[in-house]
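S.K.: Sending over input.csv (CSV, C-alpha atoms).
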```
chain,number,residue,atom,x,y,z
A,1,MET,CA,-90.8,-130.5,-33.6
A,2,ARG,CA,-89.0,-129.9,-36.9
A,3,ASN,CA,-85.8,-128.7,-35.1
A,4,TRP,CA,-85.9,-131.8,-32.9
A,5,ILE,CA,-86.1,-134.2,-35.8
A,6,GLY,CA,-83.4,-132.3,-37.7
A,7,GLY,CA,-81.2,-132.4,-34.6
A,8,MET,CA,-81.7,-136.2,-34.2
A,9,LEU,CA,-81.0,-136.7,-37.8
A,10,ALA,CA,-77.7,-134.7,-37.5
A,11,VAL,CA,-76.7,-136.9,-34.5
A,12,VAL,CA,-77.4,-140.1,-36.4
A,13,LEU,CA,-75.4,-138.9,-39.4
A,14,ILE,CA,-72.5,-137.7,-37.2
A,15,ALA,CA,-72.4,-141.1,-35.4
A,16,ALA,CA,-72.5,-143.0,-38.8
A,17,ALA,CA,-69.6,-140.8,-40.1
A,18,ALA,CA,-67.6,-141.4,-37.0
A,19,ALA,CA,-68.1,-145.2,-37.3
A,20,ARG,CA,-66.9,-145.1,-40.9
A,21,ALA,CA,-63.9,-142.9,-40.0
A,22,GLU,CA,-62.7,-145.5,-37.6
A,23,THR,CA,-62.4,-148.1,-40.4
A,24,ALA,CA,-59.3,-147.9,-42.6
A,25,SER,CA,-59.4,-149.6,-46.0
A,26,GLY,CA,-57.1,-149.9,-49.0
A,27,ILE,CA,-55.5,-152.1,-51.5
A,28,ALA,CA,-52.3,-153.9,-50.4
A,29,GLU,CA,-50.0,-154.8,-53.3
A,30,VAL,CA,-48.5,-158.0,-51.9
A,31,ASN,CA,-47.3,-161.4,-53.1
A,32,GLY,CA,-47.8,-160.3,-56.8
A,33,THR,CA,-51.4,-159.3,-56.4
A,34,LYS,CA,-53.7,-156.6,-55.1
A,35,LEU,CA,-55.7,-157.5,-52.0
A,36,TYR,CA,-58.6,-155.3,-50.7
A,37,TYR,CA,-58.6,-155.0,-46.9
A,38,GLU,CA,-60.3,-153.2,-44.0
A,39,VAL,CA,-59.0,-152.6,-40.5
A,40,ALA,CA,-60.9,-151.2,-37.5
A,41,GLY,CA,-60.5,-151.1,-33.7
A,42,SER,CA,-57.5,-151.6,-31.5
A,43,GLY,CA,-56.2,-154.3,-29.2
A,44,PRO,CA,-55.2,-157.9,-30.0
A,45,ALA,CA,-55.4,-158.5,-33.8
A,46,VAL,CA,-58.2,-160.8,-35.2
A,47,VAL,CA,-58.3,-161.6,-38.9
A,48,LEU,CA,-61.6,-162.6,-40.5
A,49,ILE,CA,-61.2,-164.9,-43.5
A,50,HIS,CA,-64.2,-165.5,-45.8
A,51,GLY,CA,-64.9,-168.7,-47.7
A,52,GLY,CA,-66.8,-169.9,-50.7
A,53,THR,CA,-68.5,-167.5,-53.0
A,54,VAL,CA,-68.7,-164.5,-50.6
A,55,ASP,CA,-66.2,-161.8,-49.8
A,56,GLY,CA,-65.2,-159.9,-46.6
A,57,ARG,CA,-68.6,-158.3,-46.3
A,58,ALA,CA,-69.8,-161.7,-45.0
A,59,TRP,CA,-68.3,-160.6,-41.7
A,60,ASP,CA,-70.2,-157.2,-41.4
A,61,ASP,CA,-71.8,-158.0,-38.0
A,62,GLN,CA,-68.7,-159.6,-36.5
A,63,PHE,CA,-66.4,-156.9,-37.9
A,64,ALA,CA,-68.4,-154.2,-36.1
A,65,ALA,CA,-68.7,-156.2,-32.8
A,66,PHE,CA,-65.1,-157.4,-32.6
A,67,SER,CA,-63.7,-153.9,-33.4
A,68,LYS,CA,-64.9,-152.7,-30.0
A,69,GLN,CA,-62.1,-154.7,-28.2
A,70,HIS,CA,-59.8,-155.9,-31.0
A,71,GLN,CA,-57.9,-154.7,-34.1
A,72,VAL,CA,-60.1,-156.4,-36.7
A,73,ILE,CA,-58.8,-157.1,-40.2
A,74,ARG,CA,-60.9,-158.5,-43.0
A,75,TYR,CA,-59.9,-158.8,-46.6
A,76,ASP,CA,-61.1,-160.2,-49.9
A,77,LEU,CA,-59.2,-163.3,-51.0
A,78,ARG,CA,-57.9,-163.3,-54.6
A,79,GLY,CA,-60.8,-163.4,-57.1
A,80,ALA,CA,-63.3,-162.2,-54.5
A,81,GLY,CA,-64.8,-158.8,-53.9
A,82,ARG,CA,-62.4,-156.0,-54.6
A,83,SER,CA,-59.3,-158.1,-54.8
A,84,ALA,CA,-57.5,-158.9,-58.0
A,85,THR,CA,-58.4,-162.1,-60.0
A,86,PRO,CA,-55.7,-164.7,-59.9
A,87,VAL,CA,-53.6,-165.0,-63.1
A,88,GLN,CA,-51.0,-167.6,-61.9
A,89,PRO,CA,-50.7,-170.2,-59.1
A,90,TYR,CA,-50.6,-168.7,-55.6
A,91,SER,CA,-50.9,-169.4,-51.9
A,92,ASN,CA,-53.7,-168.0,-49.8
A,93,THR,CA,-51.5,-168.6,-46.8
A,94,GLU,CA,-48.6,-166.6,-48.3
A,95,ASP,CA,-51.1,-163.8,-49.3
A,96,LEU,CA,-52.3,-163.6,-45.7
A,97,TYR,CA,-48.7,-163.6,-44.3
A,98,GLN,CA,-47.7,-160.8,-46.7
A,99,LEU,CA,-50.9,-158.8,-45.9
A,100,LEU,CA,-50.1,-159.0,-42.2
A,101,LYS,CA,-46.6,-157.9,-42.9
A,102,PHE,CA,-47.8,-155.0,-45.0
A,103,LEU,CA,-50.1,-154.0,-42.2
A,104,LYS,CA,-47.3,-154.4,-39.6
A,105,VAL,CA,-49.2,-157.0,-37.6
A,106,SER,CA,-46.9,-159.5,-36.0
A,107,LYS,CA,-49.4,-161.7,-34.3
A,108,ALA,CA,-53.1,-162.4,-35.0
A,109,SER,CA,-55.9,-164.8,-34.2
A,110,LEU,CA,-57.6,-166.2,-37.3
A,111,VAL,CA,-61.3,-166.7,-37.7
A,112,GLY,CA,-62.5,-168.4,-40.9
A,113,ILE,CA,-65.6,-169.7,-42.8
A,114,SER,CA,-65.0,-173.1,-44.4
A,115,ASP,CA,-66.4,-175.1,-47.2
A,116,ARG,CA,-65.3,-178.0,-49.3
A,117,LYS,CA,-62.8,-175.8,-51.2
A,118,SER,CA,-61.7,-173.9,-48.1
A,119,THR,CA,-58.4,-172.2,-47.7
A,120,ARG,CA,-56.3,-174.3,-45.4
A,121,LEU,CA,-54.0,-172.1,-43.4
A,122,ASN,CA,-50.9,-173.4,-41.8
A,123,SER,CA,-50.7,-171.3,-38.7
A,124,SER,CA,-47.0,-172.0,-38.2
A,125,HIS,CA,-46.4,-170.4,-41.6
A,126,VAL,CA,-48.3,-167.3,-40.6
A,127,LYS,CA,-46.4,-167.1,-37.3
A,128,ARG,CA,-43.0,-167.2,-38.9
A,129,SER,CA,-40.8,-164.2,-38.8
A,130,ARG,CA,-38.4,-163.0,-41.5
```
Translate this structure into structure tokens?

M.R.:
Amino acid sequence: MRNWIGGMLAVVLIAAAAARAETASGIAEVNGTKLYYEVAGSGPAVVLIHGGTVDGRAWDDQFAAFSKQHQVIRYDLRGAGRSATPVQPYSNTEDLYQLLKFLKVSKASLVGISDRKSTRLNSSHVKRSR
């Protein structure tokens, strides 16, 4: 019995480690700031944008689910989570554009949480190419 429980525990730990290994994370130095991001999965890109007083972890369930069929990107906006605090005027739209450029993502669907002070994204700006 003890060996069986130990074996099951090992399987669970290996599966958890494999799930974590599939997620890449880092700090992108873009647009004069440092943005924390995570990327998982493959396929068409989907960007999860948090709102309000939360950070990218608000998308935990969706991040895991969408990564089964998509390349999923979530990041912390300036002043949230593990991203840098703003010290000068900035554009969340430009931050996102530069993050996607940093990650070499040319096309992505955007999914966001909105509130009264939401980030308004101009999708034509994000689609532009330089």

S.K.: Neighbours of A:Ala64 within 12 Å (all atoms listed in the file; same-chain residues fewer than 3 positions away dropped), as a VMD selection string?

M.R.: chain A and resid 19 to 20 22 to 23 38 to 41 48 57 to 61 67 to 74

S.K.: What's the 8 Å shell around A:Thr33, counting only C-alpha atoms, without same-chain residues fewer than 3 positions away, as a PDB file with C-alpha atoms, in the frame of the given file?

M.R.:
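Below is the file out-v2.pdb, written as the result:
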```pdb
ATOM      1  CA  GLU A  29     -50.000-154.800 -53.300  1.00  0.00           C
ATOM      2  CA  VAL A  30     -48.500-158.000 -51.900  1.00  0.00           C
ATOM      3  CA  ARG A  78     -57.900-163.300 -54.600  1.00  0.00           C
ATOM      4  CA  ALA A  84     -57.500-158.900 -58.000  1.00  0.00           C
ATOM      5  CA  PRO A  86     -55.700-164.700 -59.900  1.00  0.00           C
TER       6      PRO A  86
END
```

S.K.: Pull the neighbourhood of (-52.6, -161.8, -51.6) for me: all residues within 9 Å in file coordinates, counting all atoms listed in the file, as an mmCIF file with C-alpha atoms, in the frame of the given file.

M.R.:
```cif
data_model
loop_
_atom_site.group_PDB
_atom_site.id
_atom_site.type_symbol
_atom_site.label_atom_id
_atom_site.label_comp_id
_atom_site.auth_asym_id
_atom_site.auth_seq_id
_atom_site.Cartn_x
_atom_site.Cartn_y
_atom_site.Cartn_z
ATOM 1 C CA ALA A 28 -52.300 -153.900 -50.400
ATOM 2 C CA GLU A 29 -50.000 -154.800 -53.300
ATOM 3 C CA VAL A 30 -48.500 -158.000 -51.900
ATOM 4 C CA ASN A 31 -47.300 -161.400 -53.100
ATOM 5 C CA GLY A 32 -47.800 -160.300 -56.800
ATOM 6 C CA THR A 33 -51.400 -159.300 -56.400
ATOM 7 C CA LYS A 34 -53.700 -156.600 -55.100
ATOM 8 C CA LEU A 35 -55.700 -157.500 -52.000
ATOM 9 C CA TYR A 36 -58.600 -155.300 -50.700
ATOM 10 C CA ASP A 76 -61.100 -160.200 -49.900
ATOM 11 C CA LEU A 77 -59.200 -163.300 -51.000
ATOM 12 C CA ARG A 78 -57.900 -163.300 -54.600
ATOM 13 C CA SER A 83 -59.300 -158.100 -54.800
ATOM 14 C CA ALA A 84 -57.500 -158.900 -58.000
ATOM 15 C CA TYR A 90 -50.600 -168.700 -55.600
ATOM 16 C CA SER A 91 -50.900 -169.400 -51.900
ATOM 17 C CA ASN A 92 -53.700 -168.000 -49.800
ATOM 18 C CA THR A 93 -51.500 -168.600 -46.800
ATOM 19 C CA GLU A 94 -48.600 -166.600 -48.300
ATOM 20 C CA ASP A 95 -51.100 -163.800 -49.300
ATOM 21 C CA LEU A 96 -52.300 -163.600 -45.700
ATOM 22 C CA TYR A 97 -48.700 -163.600 -44.300
ATOM 23 C CA GLN A 98 -47.700 -160.800 -46.700
ATOM 24 C CA LEU A 99 -50.900 -158.800 -45.900
#
```

S.K.: Using only C-alpha atoms, which of A:Ala108, A:Gly81, A:Tyr37, A:Ser42 sits nearest A:Asp55?

M.R.: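 Checking each candidate against A:Asp55, we get A:Gly81 as the closest.
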
S.K.: One number please: atom CA of A:Gly56 to atom CA of A:Ala80, in Å, one decimal.

M.R.: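 Between atom CA of A:Gly56 and atom CA of A:Ala80 the gap works out to 8.4 Å.
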
S.K.: What is the distance between atom CA of A:Val54 and atom CA of A:Lys104, in Å to one decimal?

M.R.: 26.1 Å

S.K.: Using Å and a single decimal, report how far atom CA of A:Val87 sits from atom CA of A:Ser109.

M.R.: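 Going from atom CA of A:Ser109 over to atom CA of A:Val87, I get 29.0 Å.
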